[in-house]
Every structure is written in structure tokens, then in C-alpha cells.
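Novice: target19.csv is the file, holding CSV, C-alpha atoms:
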```
chain,number,residue,atom,x,y,z
A,38,MET,CA,-10.5,-172.6,-60.9
A,39,LEU,CA,-13.6,-172.5,-63.1
A,40,GLN,CA,-13.1,-172.7,-66.8
A,41,VAL,CA,-14.5,-169.8,-68.6
A,42,ASP,CA,-14.5,-169.8,-72.4
A,43,GLN,CA,-12.4,-166.9,-73.6
A,44,GLY,CA,-11.3,-165.5,-76.9
A,45,HIS,CA,-14.7,-166.1,-78.6
A,46,SER,CA,-16.1,-162.7,-78.7
A,47,LEU,CA,-17.5,-163.4,-82.2
A,48,ARG,CA,-19.4,-166.4,-80.8
A,49,GLU,CA,-20.7,-164.6,-77.7
A,50,ASP,CA,-22.3,-161.9,-79.9
A,51,SER,CA,-23.8,-164.4,-82.3
A,52,THR,CA,-25.5,-166.5,-79.6
A,53,VAL,CA,-28.2,-164.0,-79.2
A,54,GLU,CA,-28.3,-163.1,-82.9
A,55,GLY,CA,-28.4,-166.8,-84.0
A,56,ARG,CA,-31.4,-167.5,-81.8
A,57,ARG,CA,-33.3,-164.6,-83.2
A,58,PHE,CA,-32.5,-165.5,-86.8
A,59,PRO,CA,-31.9,-169.2,-86.9
A,60,GLY,CA,-29.5,-170.2,-89.6
A,61,ARG,CA,-28.5,-166.5,-90.3
A,62,GLY,CA,-26.2,-165.6,-87.4
A,63,PRO,CA,-22.6,-164.6,-87.9
A,64,GLU,CA,-21.5,-168.1,-86.9
A,65,GLU,CA,-23.6,-169.5,-89.8
A,66,GLU,CA,-22.2,-166.9,-92.1
A,67,LEU,CA,-18.7,-168.0,-91.1
A,68,MET,CA,-19.5,-171.6,-91.8
A,69,ARG,CA,-21.1,-170.7,-95.1
A,70,ALA,CA,-18.0,-168.7,-96.1
A,71,LEU,CA,-15.7,-171.6,-95.1
A,72,TYR,CA,-17.8,-173.9,-97.2
A,73,ARG,CA,-18.1,-171.5,-100.2
A,74,ASP,CA,-14.4,-170.7,-100.3
A,75,HIS,CA,-12.8,-174.0,-99.4
A,76,ALA,CA,-15.1,-177.0,-99.6
A,77,GLY,CA,-14.7,-177.6,-103.4
A,78,PRO,CA,-11.0,-177.2,-103.6
A,79,LEU,CA,-10.5,-179.2,-100.4
A,80,MET,CA,-12.7,-182.0,-101.8
A,81,THR,CA,-10.4,-182.1,-104.9
A,82,TYR,CA,-7.4,-182.6,-102.7
A,83,VAL,CA,-9.0,-185.0,-100.3
A,84,LEU,CA,-10.4,-187.2,-103.1
A,85,ARG,CA,-6.9,-187.8,-104.3
A,86,LEU,CA,-5.8,-188.6,-100.7
A,87,VAL,CA,-8.5,-191.2,-100.3
A,88,ALA,CA,-8.1,-192.7,-103.8
A,89,GLY,CA,-11.4,-191.4,-105.0
A,90,ASP,CA,-13.6,-192.7,-102.2
A,91,ARG,CA,-16.2,-190.0,-102.5
A,92,TYR,CA,-18.1,-190.8,-99.2
A,93,LEU,CA,-15.0,-190.8,-97.2
A,94,ALA,CA,-13.8,-187.6,-98.8
A,95,GLU,CA,-17.1,-185.9,-98.0
A,96,ASP,CA,-16.8,-186.9,-94.3
A,97,VAL,CA,-13.2,-185.7,-94.2
A,98,VAL,CA,-14.0,-182.3,-95.8
A,99,GLN,CA,-17.0,-181.9,-93.4
A,100,GLU,CA,-14.9,-182.7,-90.3
A,101,THR,CA,-12.1,-180.4,-91.5
A,102,LEU,CA,-14.4,-177.5,-92.1
A,103,LEU,CA,-16.0,-178.1,-88.7
A,104,ARG,CA,-12.7,-177.9,-87.0
A,105,ALA,CA,-11.8,-174.8,-88.9
A,106,TRP,CA,-15.0,-173.2,-87.7
A,107,ARG,CA,-14.3,-174.2,-84.1
A,108,ASN,CA,-10.9,-172.7,-84.3
A,109,ALA,CA,-12.0,-169.7,-86.2
A,110,SER,CA,-10.8,-167.3,-83.5
A,111,GLN,CA,-7.2,-168.6,-83.8
A,112,LEU,CA,-7.2,-168.7,-87.6
A,113,ASP,CA,-6.7,-166.0,-90.1
A,114,PRO,CA,-9.8,-166.1,-92.3
A,115,SER,CA,-8.0,-165.1,-95.5
A,116,ALA,CA,-7.7,-168.0,-97.9
A,117,ARG,CA,-4.0,-167.9,-98.4
A,118,SER,CA,-3.1,-168.6,-94.8
A,119,LEU,CA,-6.0,-170.8,-94.0
A,120,ARG,CA,-5.4,-173.4,-96.7
A,121,PRO,CA,-2.1,-174.9,-95.3
A,122,TRP,CA,-4.0,-175.4,-92.0
A,123,LEU,CA,-6.9,-177.1,-93.8
A,124,VAL,CA,-4.6,-179.4,-95.8
A,125,THR,CA,-2.7,-180.4,-92.6
A,126,VAL,CA,-6.0,-181.0,-90.7
A,127,ALA,CA,-7.6,-182.9,-93.6
A,128,ARG,CA,-4.6,-185.3,-93.7
A,129,ARG,CA,-4.9,-185.8,-90.0
A,130,VAL,CA,-8.6,-186.7,-90.4
A,131,VAL,CA,-7.8,-189.1,-93.2
A,132,ILE,CA,-5.1,-190.8,-91.2
A,133,ASP,CA,-7.4,-191.2,-88.2
A,134,ALA,CA,-10.2,-192.5,-90.3
A,135,HIS,CA,-7.9,-195.0,-91.9
A,136,ARG,CA,-6.6,-196.1,-88.5
A,137,GLY,CA,-10.2,-196.6,-87.3
A,138,ARG,CA,-10.8,-198.9,-90.3
A,139,GLN,CA,-7.7,-201.0,-90.1
A,140,ALA,CA,-9.6,-203.8,-88.3
A,141,ARG,CA,-11.5,-204.4,-91.5
A,142,PRO,CA,-9.7,-206.5,-94.1
A,143,ALA,CA,-9.0,-205.5,-97.7
A,144,GLU,CA,-9.3,-201.8,-96.9
A,145,SER,CA,-7.0,-199.9,-99.2
A,146,GLY,CA,-5.9,-196.5,-97.9
A,147,PRO,CA,-3.1,-194.1,-97.3
A,148,ALA,CA,-1.3,-196.4,-94.9
A,149,ASP,CA,2.0,-194.7,-95.6
A,150,LEU,CA,0.8,-191.2,-95.1
A,151,GLU,CA,3.1,-189.2,-92.9
A,152,GLN,CA,1.7,-187.4,-89.9
A,153,VAL,CA,2.5,-183.9,-91.3
A,154,PRO,CA,2.7,-183.1,-95.0
A,155,ALA,CA,6.2,-182.5,-96.3
A,156,ALA,CA,6.8,-179.1,-97.8
A,157,ASP,CA,6.6,-180.2,-101.4
A,158,GLU,CA,3.4,-182.2,-100.8
A,159,LEU,CA,1.9,-179.1,-99.1
A,160,ASP,CA,2.9,-177.0,-102.2
A,161,ARG,CA,1.3,-179.6,-104.4
A,162,ALA,CA,-1.9,-179.6,-102.4
A,163,LEU,CA,-2.2,-175.9,-102.4
A,164,ARG,CA,-1.5,-175.8,-106.1
A,165,MET,CA,-4.2,-178.4,-106.7
A,166,MET,CA,-6.7,-176.3,-104.7
A,167,THR,CA,-5.8,-173.2,-106.7
A,168,ILE,CA,-6.3,-175.1,-110.0
A,169,SER,CA,-9.7,-176.2,-108.6
A,170,ASP,CA,-10.5,-172.5,-107.8
A,171,ALA,CA,-9.7,-171.7,-111.5
A,172,LEU,CA,-11.9,-174.5,-112.6
A,173,ASP,CA,-14.7,-173.1,-110.4
A,174,ASP,CA,-14.3,-169.7,-112.2
A,175,LEU,CA,-15.7,-171.3,-115.4
A,176,THR,CA,-19.3,-171.1,-116.2
A,177,PRO,CA,-21.2,-174.3,-115.2
A,178,ALA,CA,-21.5,-175.3,-118.9
A,179,HIS,CA,-17.8,-174.9,-119.5
A,180,ARG,CA,-16.9,-176.7,-116.3
A,181,GLN,CA,-19.3,-179.6,-117.1
A,182,VAL,CA,-17.9,-180.2,-120.6
A,183,LEU,CA,-14.4,-180.5,-119.2
A,184,VAL,CA,-15.6,-182.9,-116.5
A,185,GLU,CA,-17.5,-185.0,-118.9
A,186,THR,CA,-14.7,-185.3,-121.5
A,187,TYR,CA,-11.4,-185.0,-119.9
A,188,PHE,CA,-12.1,-186.3,-116.4
A,189,LYS,CA,-14.7,-189.0,-117.3
A,190,GLY,CA,-12.8,-190.0,-120.4
A,191,ARG,CA,-15.7,-189.6,-122.8
A,192,ASP,CA,-15.2,-188.6,-126.4
A,193,THR,CA,-17.0,-185.6,-127.8
A,194,ASN,CA,-19.8,-187.7,-129.4
A,195,GLU,CA,-20.6,-189.6,-126.2
A,196,THR,CA,-20.5,-186.3,-124.3
A,197,ALA,CA,-22.9,-184.8,-126.8
A,198,ARG,CA,-25.3,-187.6,-126.1
A,199,VAL,CA,-24.9,-187.3,-122.3
A,200,LEU,CA,-25.5,-183.5,-122.4
A,201,GLY,CA,-28.1,-183.6,-125.1
A,202,VAL,CA,-26.4,-181.1,-127.3
A,203,PRO,CA,-24.9,-181.4,-130.8
A,204,PRO,CA,-21.3,-182.7,-131.0
A,205,GLY,CA,-20.2,-179.4,-132.6
A,206,THR,CA,-21.4,-177.6,-129.5
A,207,VAL,CA,-19.3,-179.9,-127.3
A,208,ARG,CA,-16.2,-179.2,-129.3
A,209,SER,CA,-16.6,-175.5,-129.3
A,210,ARG,CA,-17.5,-175.5,-125.6
A,211,ILE,CA,-14.3,-177.4,-124.9
A,212,PHE,CA,-12.3,-174.8,-126.8
A,213,TYR,CA,-13.8,-171.8,-125.0
A,214,ALA,CA,-13.6,-173.6,-121.6
A,215,LEU,CA,-9.9,-174.1,-122.1
A,216,ARG,CA,-9.4,-170.5,-123.1
A,217,SER,CA,-11.3,-169.3,-120.0
A,218,LEU,CA,-9.3,-171.7,-117.9
A,219,ARG,CA,-6.0,-170.5,-119.2
A,220,ILE,CA,-6.9,-167.0,-118.2
A,221,ALA,CA,-8.2,-168.0,-114.8
A,222,LEU,CA,-5.0,-170.0,-114.2
A,223,GLU,CA,-2.8,-167.0,-115.2
A,224,GLU,CA,-4.8,-164.7,-112.9
A,225,ARG,CA,-4.1,-167.1,-110.0
A,226,GLY,CA,-0.4,-167.3,-110.8
A,227,VAL,CA,-0.5,-170.9,-111.9
A,228,THR,CA,2.1,-171.5,-114.6
A,229,SER,CA,3.2,-174.8,-116.0
B,136,MET,CA,-14.9,-171.9,-145.0
B,137,THR,CA,-12.1,-174.2,-144.1
B,138,GLU,CA,-11.0,-177.3,-145.8
B,139,TYR,CA,-13.3,-179.5,-143.9
B,140,GLY,CA,-16.4,-177.6,-144.4
B,141,ARG,CA,-17.1,-175.7,-141.1
B,142,PRO,CA,-16.3,-172.1,-140.3
B,143,ASP,CA,-15.3,-173.1,-136.7
B,144,ALA,CA,-12.8,-175.7,-137.5
B,145,HIS,CA,-10.2,-174.0,-135.2
B,146,VAL,CA,-12.2,-174.8,-132.1
B,147,ASP,CA,-11.4,-178.5,-132.4
B,148,VAL,CA,-8.0,-177.5,-131.0
B,149,GLY,CA,-9.5,-177.9,-127.6
B,150,ALA,CA,-10.9,-181.4,-128.0
B,151,TYR,CA,-7.7,-182.4,-129.8
B,152,LEU,CA,-5.6,-181.2,-126.9
B,153,LEU,CA,-7.8,-183.1,-124.4
B,154,GLY,CA,-7.6,-186.2,-126.6
B,155,VAL,CA,-11.3,-186.6,-126.8
B,156,LEU,CA,-11.8,-186.6,-130.6
B,157,ASN,CA,-12.5,-190.0,-132.1
B,158,ASP,CA,-10.1,-191.4,-134.7
B,159,ALA,CA,-11.8,-190.0,-137.8
B,160,GLU,CA,-12.1,-186.6,-136.2
B,161,MET,CA,-8.5,-186.6,-135.1
B,162,ASP,CA,-7.3,-187.5,-138.6
B,163,ARG,CA,-9.4,-184.7,-140.0
B,164,PHE,CA,-8.1,-182.2,-137.5
B,165,GLU,CA,-4.5,-183.2,-138.1
B,166,GLN,CA,-4.9,-182.7,-141.8
B,167,HIS,CA,-6.4,-179.3,-141.2
B,168,LEU,CA,-3.7,-178.4,-138.7
B,169,ALA,CA,-1.0,-179.1,-141.3
B,170,GLY,CA,-2.1,-176.1,-143.2
B,171,CYS,CA,-3.5,-173.8,-140.5
B,172,ASP,CA,-1.3,-171.3,-138.7
B,173,THR,CA,-4.1,-170.2,-136.5
B,174,CYS,CA,-4.5,-173.6,-135.1
B,175,ALA,CA,-0.8,-174.0,-134.5
B,176,LYS,CA,-0.8,-170.8,-132.5
B,177,LEU,CA,-3.9,-171.9,-130.5
B,178,LEU,CA,-2.4,-175.2,-129.8
B,179,ASP,CA,0.7,-173.5,-128.4
B,180,GLU,CA,-1.4,-171.1,-126.4
B,181,LEU,CA,-3.6,-173.7,-124.8
B,182,SER,CA,-1.2,-176.5,-124.3
B,183,GLY,CA,-0.2,-175.4,-120.8
B,184,VAL,CA,-3.8,-175.8,-119.5
B,185,VAL,CA,-3.9,-179.6,-120.0
B,186,PRO,CA,-1.0,-180.4,-117.5
B,187,ALA,CA,-2.8,-178.2,-114.9
B,188,LEU,CA,-6.0,-180.3,-115.4
B,189,ALA,CA,-3.8,-183.5,-115.2
B,190,GLU,CA,-2.7,-182.4,-111.7
B,191,LEU,CA,-6.3,-182.7,-110.5
B,192,GLY,CA,-6.8,-186.1,-112.1
B,193,GLY,CA,-6.0,-189.5,-110.8
B,194,ALA,CA,-9.0,-189.6,-108.5
B,195,GLY,CA,-11.8,-189.2,-110.9
B,196,ALA,CA,-13.7,-186.0,-111.8
B,197,PRO,CA,-13.2,-183.1,-109.4
B,198,GLU,CA,-16.8,-183.1,-108.3
B,199,PRO,CA,-18.0,-180.5,-105.8
B,200,PRO,CA,-19.2,-181.6,-102.4
B,201,SER,CA,-22.8,-182.4,-102.0
B,202,GLU,CA,-25.3,-179.6,-101.1
B,203,GLU,CA,-26.3,-181.6,-98.0
B,204,MET,CA,-22.8,-181.1,-96.6
B,205,LEU,CA,-23.6,-177.4,-96.0
B,206,ASP,CA,-26.8,-178.4,-94.3
B,207,ARG,CA,-25.0,-180.8,-92.0
B,208,LEU,CA,-22.4,-178.2,-91.2
B,209,LEU,CA,-25.0,-175.6,-90.3
B,210,ASP,CA,-26.8,-178.2,-88.1
B,211,GLU,CA,-23.5,-178.7,-86.3
B,212,VAL,CA,-23.1,-175.0,-85.8
B,213,ALA,CA,-26.6,-174.8,-84.3
B,214,ALA,CA,-26.0,-177.8,-82.1
B,215,GLN,CA,-22.7,-176.6,-80.8
B,216,ARG,CA,-24.1,-173.3,-79.9
B,217,ARG,CA,-26.8,-175.0,-77.8
B,218,THR,CA,-24.1,-176.9,-76.0
B,219,ARG,CA,-22.1,-173.7,-75.3
B,220,VAL,CA,-25.2,-172.0,-73.9
B,221,ARG,CA,-25.8,-174.9,-71.6
B,222,ARG,CA,-22.2,-175.0,-70.4
B,223,ARG,CA,-22.2,-171.3,-69.7
B,224,TRP,CA,-25.4,-171.7,-67.7
B,225,LEU,CA,-23.9,-174.5,-65.7
B,226,THR,CA,-20.8,-172.4,-65.1
B,227,ALA,CA,-22.9,-169.6,-63.9
B,228,VAL,CA,-24.8,-171.8,-61.5
B,229,ALA,CA,-21.5,-173.2,-60.1
B,230,ALA,CA,-20.1,-169.7,-59.7
B,231,ALA,CA,-23.2,-168.6,-57.8
B,232,VAL,CA,-22.7,-171.6,-55.5
B,233,LEU,CA,-19.2,-170.4,-54.8
B,234,ILE,CA,-20.2,-166.9,-54.0
B,235,VAL,CA,-23.0,-167.9,-51.7
B,236,ALA,CA,-21.4,-170.7,-49.8
B,237,GLY,CA,-17.8,-169.7,-49.6
B,238,PRO,CA,-14.6,-171.8,-49.9
B,239,THR,CA,-15.7,-175.0,-48.2
B,240,ALA,CA,-18.6,-175.4,-50.6
B,241,ALA,CA,-16.4,-174.4,-53.5
B,242,VAL,CA,-14.3,-177.5,-53.2
B,243,LEU,CA,-17.4,-179.6,-53.0
B,244,ALA,CA,-19.0,-177.8,-55.9
B,245,ILE,CA,-16.0,-178.5,-58.1
B,246,GLN,CA,-15.6,-182.1,-57.1
B,247,GLU,CA,-19.2,-182.9,-57.5
B,248,ARG,CA,-19.7,-181.2,-60.7
B,249,PRO,CA,-20.2,-184.1,-63.0
B,250,ALA,CA,-18.1,-184.4,-66.2
B,251,VAL,CA,-20.3,-183.5,-69.1
B,252,THR,CA,-20.4,-186.9,-70.8
B,253,GLY,CA,-23.0,-189.2,-72.3
B,254,VAL,CA,-26.3,-187.8,-73.3
B,255,GLN,CA,-25.4,-184.4,-71.9
B,256,ALA,CA,-22.4,-184.0,-74.2
B,257,ALA,CA,-24.3,-185.0,-77.4
B,258,ALA,CA,-24.7,-182.5,-80.2
B,259,PHE,CA,-28.5,-182.9,-80.3
B,260,GLN,CA,-30.9,-184.1,-77.6
B,261,ARG,CA,-34.4,-185.4,-78.0
B,262,THR,CA,-36.8,-186.3,-75.2
B,263,ALA,CA,-40.0,-188.3,-75.0
B,264,THR,CA,-42.2,-189.8,-72.4
B,265,ASP,CA,-44.7,-192.5,-73.3
B,266,PRO,CA,-48.0,-191.9,-71.6
B,267,ALA,CA,-49.0,-195.5,-71.6
B,268,THR,CA,-45.8,-197.2,-70.2
B,269,GLY,CA,-44.5,-194.1,-68.3
B,270,ALA,CA,-41.0,-194.7,-69.6
B,271,SER,CA,-39.0,-191.5,-70.3
B,272,ALA,CA,-36.1,-191.3,-72.6
B,273,VAL,CA,-33.5,-188.7,-73.6
B,274,VAL,CA,-31.6,-189.5,-76.8
B,275,GLY,CA,-28.4,-187.6,-77.6
B,276,LEU,CA,-27.2,-187.7,-81.2
B,277,THR,CA,-23.7,-186.7,-82.2
B,278,GLY,CA,-22.6,-186.8,-85.8
B,279,ARG,CA,-19.3,-188.5,-86.4
B,280,PRO,CA,-17.3,-189.1,-89.5
B,281,TRP,CA,-18.4,-192.7,-89.4
B,282,GLY,CA,-22.1,-192.1,-88.6
B,283,THR,CA,-23.9,-191.2,-85.5
B,284,GLN,CA,-23.1,-191.7,-81.8
B,285,ILE,CA,-26.2,-192.4,-79.8
B,286,ASP,CA,-26.5,-191.8,-76.1
B,287,LEU,CA,-29.6,-193.0,-74.4
B,288,ARG,CA,-30.8,-192.0,-70.9
B,289,LEU,CA,-33.8,-194.0,-69.7
B,290,SER,CA,-35.9,-193.4,-66.6
B,291,TYR,CA,-39.1,-194.9,-65.2
B,292,VAL,CA,-38.4,-198.4,-66.5
B,293,TYR,CA,-39.2,-201.4,-64.4
B,294,GLY,CA,-37.8,-204.9,-64.6
B,295,PRO,CA,-36.9,-207.6,-64.8
B,296,ARG,CA,-36.8,-207.5,-68.5
B,297,THR,CA,-34.4,-207.2,-71.5
B,298,CYS,CA,-34.7,-204.2,-73.8
B,299,HIS,CA,-33.1,-203.0,-77.0
B,300,LEU,CA,-32.7,-199.7,-78.7
B,301,VAL,CA,-33.8,-199.6,-82.4
B,302,VAL,CA,-32.8,-196.8,-84.7
B,303,VAL,CA,-35.3,-196.3,-87.6
B,304,GLY,CA,-34.0,-194.5,-90.7
B,305,LYS,CA,-36.1,-192.1,-92.8
B,306,ASP,CA,-35.9,-194.8,-95.5
B,307,GLY,CA,-37.5,-197.3,-93.1
B,308,ARG,CA,-34.3,-199.2,-92.3
B,309,GLN,CA,-34.1,-200.5,-88.8
B,310,GLU,CA,-31.0,-201.3,-86.7
B,311,THR,CA,-30.7,-202.5,-83.2
B,312,VAL,CA,-27.9,-200.5,-81.7
B,313,ALA,CA,-27.9,-201.6,-78.1
B,314,ASN,CA,-29.2,-204.4,-75.8
B,315,TRP,CA,-29.4,-204.4,-72.0
B,316,THR,CA,-31.2,-205.9,-69.0
B,317,VAL,CA,-33.3,-204.1,-66.4
B,318,SER,CA,-33.2,-205.6,-62.9
B,319,GLY,CA,-36.3,-205.8,-60.7
B,320,SER,CA,-35.6,-202.4,-59.1
B,321,GLY,CA,-35.5,-200.7,-62.5
B,322,TYR,CA,-33.9,-197.5,-63.5
B,323,GLY,CA,-35.0,-194.0,-62.6
B,324,THR,CA,-37.5,-195.4,-60.2
B,325,ASP,CA,-38.2,-194.7,-56.5
B,326,GLU,CA,-36.4,-197.9,-55.6
B,327,HIS,CA,-33.4,-197.1,-57.9
B,328,PRO,CA,-33.4,-193.4,-58.8
B,329,GLN,CA,-30.3,-193.6,-61.0
B,330,PRO,CA,-31.3,-193.5,-64.7
B,331,LEU,CA,-29.8,-195.9,-67.2
B,332,ASP,CA,-27.2,-194.6,-69.5
B,333,ILE,CA,-26.4,-196.6,-72.6
B,334,ARG,CA,-24.3,-195.8,-75.7
B,335,GLY,CA,-24.8,-197.1,-79.2
B,336,ALA,CA,-23.7,-196.3,-82.7
B,337,THR,CA,-25.0,-196.5,-86.2
B,338,ALA,CA,-23.5,-195.8,-89.6
B,339,MET,CA,-26.6,-193.7,-90.4
B,340,ARG,CA,-26.0,-189.9,-90.4
B,341,PRO,CA,-28.1,-187.9,-87.9
B,342,SER,CA,-30.1,-186.4,-90.8
B,343,ASP,CA,-31.0,-189.9,-92.0
B,344,ILE,CA,-32.6,-191.0,-88.7
B,345,SER,CA,-36.3,-190.8,-88.3
B,346,HIS,CA,-36.8,-192.0,-84.7
B,347,PHE,CA,-35.7,-194.3,-81.9
B,348,ASP,CA,-37.7,-197.1,-80.3
B,349,VAL,CA,-37.0,-198.7,-76.9
B,350,ILE,CA,-38.4,-202.2,-77.3
B,351,THR,CA,-38.7,-205.1,-74.8
B,352,SER,CA,-37.8,-208.7,-75.6
B,353,GLN,CA,-41.5,-209.4,-75.7
B,354,GLY,CA,-41.8,-206.8,-78.5
B,355,GLN,CA,-43.5,-204.1,-76.4
B,356,ARG,CA,-42.5,-200.6,-77.3
B,357,LEU,CA,-41.7,-198.7,-74.1
B,358,VAL,CA,-41.1,-195.3,-75.6
B,359,SER,CA,-40.4,-193.8,-79.0
B,360,VAL,CA,-38.3,-190.7,-79.5
B,361,GLN,CA,-38.3,-188.6,-82.7
B,362,ALA,CA,-34.9,-187.7,-84.0
```
Give the structure from the file, written as C-alpha cells.

Specialist:
Amino acid sequence: MLQVDQGHSLREDSTVEGRRFPGRGPEEELMRALYRDHAGPLMTYVLRLVAGDRYLAEDVVQETLLRAWRNASQLDPSARSLRPWLVTVARRVVIDAHRGRQARPAESGPADLEQVPAADELDRALRMMTISDALDDLTPAHRQVLVETYFKGRDTNETARVLGVPPGTVRSRIFYALRSLRIALEERGVTS
Amino acid sequence: MTEYGRPDAHVDVGAYLLGVLNDAEMDRFEQHLAGCDTCAKLLDELSGVVPALAELGGAGAPEPPSEEMLDRLLDEVAAQRRTRVRRRWLTAVAAAVLIVAGPTAAVLAIQERPAVTGVQAAAFQRTATDPATGASAVVGLTGRPWGTQIDLRLSYVYGPRTCHLVVVGKDGRQETVANWTVSGSGYGTDEHPQPLDIRGATAMRPSDISHFDVITSQGQRLVSVQA
């Protein structure tokens, strides 16, 4: 008759804990772990889904992680099995966000997105997220130099000005960044 | 030393592969490459990395999510925990009614248990009473992908008058998010005990909101609620 919330033993425990140590309970730790392990790679995937709309992508990632957290008791926390779920849910959120905006004219968006990702698209999404993981393995300086040059389309001299380092430093950083990335990709089983 | 004067000429393999050398540098490197086995090997070794980077491209640089996202997520965790605690408390009260009063009351208890909607279902609740006007407000904030859903429950307001709810952002921006009229008997008064429930929405995020003002059409502020 009366609905009693079941299957949330983790949360029951953390209620008391969370009140005693605000922001530091197991529920917060779970959320922090979801954010740390998946927010960046998910952002990379979602940014492509929403054609680079950064604000929308942030909202989608936030909503997806929140849903993952709410469903934590049903989900396997290991990255390998969680990510297909995250990809599916993120697509769902993008589709719903797009539908909510359709009243507005001139809105470009993923109108033709299917409800559920096809197998090859899921594979592509997971591979993107793994490549994003590999990029995250780099030192901040190495990652930054690849972002500034390759992704933002600046040449080495422009990048040197932006970063305030000599052009030679930019060129050698690119080289060592690519070497590190090659190793990180290999370790994660990404081959081309 | 290499033929173009720097001991580290080989490192230009990286920038060359990414296509980010300027024309003069590229010419220079290609000349060097023609006579350098090391660079040929390095090119081969690193060439597989660029297609992997290309898979991430097409939507700009793969920037990490903002730091504030984690704050917002943790706010939601805290808010949802408060909601769960309250639901459990209500369930416990309802169960106690069942035990004490038996099956007849049980049916009543279930039927009359109000659905948790409006301000009670909001992620955050803020309350204020204005000592001068006597008006009392509960504002519920719920973060949504599009902004914030705002539920207002207003008591001790008397009419007839027209009021509106203004959201004031931390940056000073103001938005009217709801308008309504109050009849002579008012809301949440002795004559009309039912409080007024109003819903509004703003594109501002919960964390961007400073406070809420309930204002009459004459410009009088009935009550202000901090977000």
C-alpha cells in the first residue's frame, strides 16, 4: 500500500553521515567519482552531438550524471559498463532538450537523432570517450599545447604568443605530447 | 647540430604531423626530413595519433566541463537528500496513522495524502515572512536543464490587488516570472485559509539567483525571500 523506498542501502547510510559532514558523505563521493571519471569524456561526446553548443552540452552532461547518480544502485560503477548507459541517457537528454526548443525558429540541432544509439554509433561514442581519457592522461601543459594548435587551428608561432613561451618550446611540447598520447592510446587499446 | 642549426630539429615532426608549422618552417622541415632517417621513423611512429585526435574534432576543442558543474551536482545531491528525508518522515507519519486508527482511517489517510507537488516537491525551499506587511512566502527552486523552476506559496496576503514575482540575479538582473490577482478575501487568511500556489520559470540557474521579491502593482514589496 504505502510506497517504501527500497534498494538504496547506500543512501540510507549516507543520510546521517552526510548531515554530519556536509559535502563529504558517500553520496557526495559517488557524485564526485562520477564527475571525475566521466564528465570530461562525456562532454567530448555530447559537444559533438550538439554541434559544439557548449552551454547545452554542459546542461546535458550535468543532467546525465545526475540521473546516473540517482540510478546508482542499479548501475555497475565500473567505467566499462557504465559508459554505454551514459551515452544512451545523454542522447535521450539531447533529444528531449531539442524537442523542447523546437518552437523557436532557426534552431539547429540533432533533429534526425534516433531514440537509441545504433551499435556502431555507440562504439564510436565509447571510442571517443576513451581517446578523451587518453588525452586526460597528458600533463596539463601537453594537453594545452595540443588544444591550442590542433583543435583551435593556431600555428606554432601564434600558440607561442598565446601561451607566452618561445616557439621552440611549443614545437617540442607538441612532439612530447604526441609521444605520450601514443603510449596512452596504446595502453587503452586504441589502435588506428 | 643538424642542417638547420638546432640540436632538436627532430621534434618538429610533431608540429609537422599536426599541420601547424607555417610555410617557411614546413619547407625547412621537409628539407631536413629528406636526409634524416630518425625523423622518418618518428613520423611513422606518431602518424597513428593524429587520426585519433581527429575523431574528437568537429565540435571545437575538447574542453573539460566547468568547475561549477561539480558544485551544481553536489547541490543537487544535498537537495535530493533533504527531499528523501522529508518523504520518509511523511511515510512514517502516514504509517503511524494506519496503526493507530485501523483500516477505515487507512483508506482516508491514503486518499487524503496530498500528492507531493508544487513547492513541496522543489529541490530547495526558502521561507520568509515580512514583519511589516505580514506576508509569508515559501519559494521552491528546482534546477532544470533550461534554468530554474520556481514554485511560490504565499500566505497572509490580502486583496484586492495584483502582484508579481520578481527574480533578482546575483548580477542584479531582474525578471518578472509570474503575475496574479488577489481577491478581497486574500490567500492564507482567516477568511480564505488556502494559500496561493504559483509557478514560474527563469533561464537563470539556481546558483545565479540572489533573491525573490513579491511586489504589488503599486510597487510595494510584500515579502522578499533570499535564494

Novice: Set the cut-off to 8 Å and count only C-alpha atoms: what are the residues of chain A that reach chain B? Output as a ChimeraX atom specification.

Specialist: /A:39-41,52,60,64-65,68-69,72,76-77,80-82,84-85,88-89,95-97,99-100,103,134,165,168-169,184,186-193,208-209,211-213,215-216,218-219,222,228-229

Novice: Using only C-alpha atoms, which residue out of B:Asp348, B:Asp179, B:Glu202, B:Glu165 lies closest to Glu310 in chain B?

Specialist: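 Looking at the shortest contact to Glu310 in chain B, the residue is B:Asp348.
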
Novice: Report, in Å with one decimal, the straight-line distance from CA of Phe164 in chain B to CA of Arg210 in chain A.

Specialist: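 So the two atoms, CA of Phe164 in chain B and CA of Arg210 in chain A, lie 16.6 Å apart.
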
Novice: Hey, can you check how far CA of Val124 in chain A sits from CA of Arg225 in chain A?

Specialist: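 Pair CA of Val124 in chain A / CA of Arg225 in chain A returns 18.8 Å.
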
Novice: Quote the spacing between CA of Asp133 in chain A and CA of Thr101 in chain A in Å to one decimal place.

Specialist: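 Value for the CA of Asp133 in chain A-CA of Thr101 in chain A distance: 12.2 Å.
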
Novice: Anything within 12 Å of (-44.1, -192.9, -71.1): list those residues as a PyMOL selection string, counting only C-alpha atoms and sticking to the file's coordinates.

Specialist: chain B and resi 262-273+289-293+348-349+356-360

Novice: Give me, as a PyMOL selection string, all polymer residues having an atom no more than 8 Å from Gly335 in chain B, counting only C-alpha atoms and skipping those fewer than 3 positions away in the same chain.

Specialist: chain B and resi 284-287+312-313

Novice: As a CSV table (one decimal), in the coordinates of the input, could you write out range 101-111 of chain A once it has been completed with N, CA and C atoms?

Specialist:
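Ended up saving to out_8.csv:
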```csv
chain,number,residue,atom,x,y,z
A,101,THR,N,-13.2,-181.4,-91.4
A,101,THR,CA,-12.1,-180.4,-91.5
A,101,THR,C,-12.7,-179.0,-91.4
A,102,LEU,N,-13.8,-178.8,-92.1
A,102,LEU,CA,-14.4,-177.5,-92.1
A,102,LEU,C,-15.0,-177.2,-90.7
A,103,LEU,N,-15.5,-178.2,-90.1
A,103,LEU,CA,-16.0,-178.1,-88.7
A,103,LEU,C,-14.9,-177.6,-87.7
A,104,ARG,N,-13.8,-178.3,-87.9
A,104,ARG,CA,-12.7,-177.9,-87.0
A,104,ARG,C,-12.2,-176.5,-87.3
A,105,ALA,N,-12.2,-176.1,-88.6
A,105,ALA,CA,-11.8,-174.8,-88.9
A,105,ALA,C,-12.7,-173.8,-88.3
A,106,TRP,N,-14.0,-174.1,-88.3
A,106,TRP,CA,-15.0,-173.2,-87.7
A,106,TRP,C,-14.8,-173.1,-86.2
A,107,ARG,N,-14.5,-174.2,-85.6
A,107,ARG,CA,-14.3,-174.2,-84.1
A,107,ARG,C,-13.1,-173.4,-83.7
A,108,ASN,N,-12.1,-173.4,-84.6
A,108,ASN,CA,-10.9,-172.7,-84.3
A,108,ASN,C,-10.8,-171.4,-85.0
A,109,ALA,N,-11.9,-170.9,-85.4
A,109,ALA,CA,-12.0,-169.7,-86.2
A,109,ALA,C,-11.3,-168.5,-85.5
A,110,SER,N,-11.4,-168.4,-84.2
A,110,SER,CA,-10.8,-167.3,-83.5
A,110,SER,C,-9.3,-167.3,-83.5
A,111,GLN,N,-8.7,-168.5,-83.8
A,111,GLN,CA,-7.2,-168.6,-83.8
A,111,GLN,C,-6.7,-168.5,-85.3
```
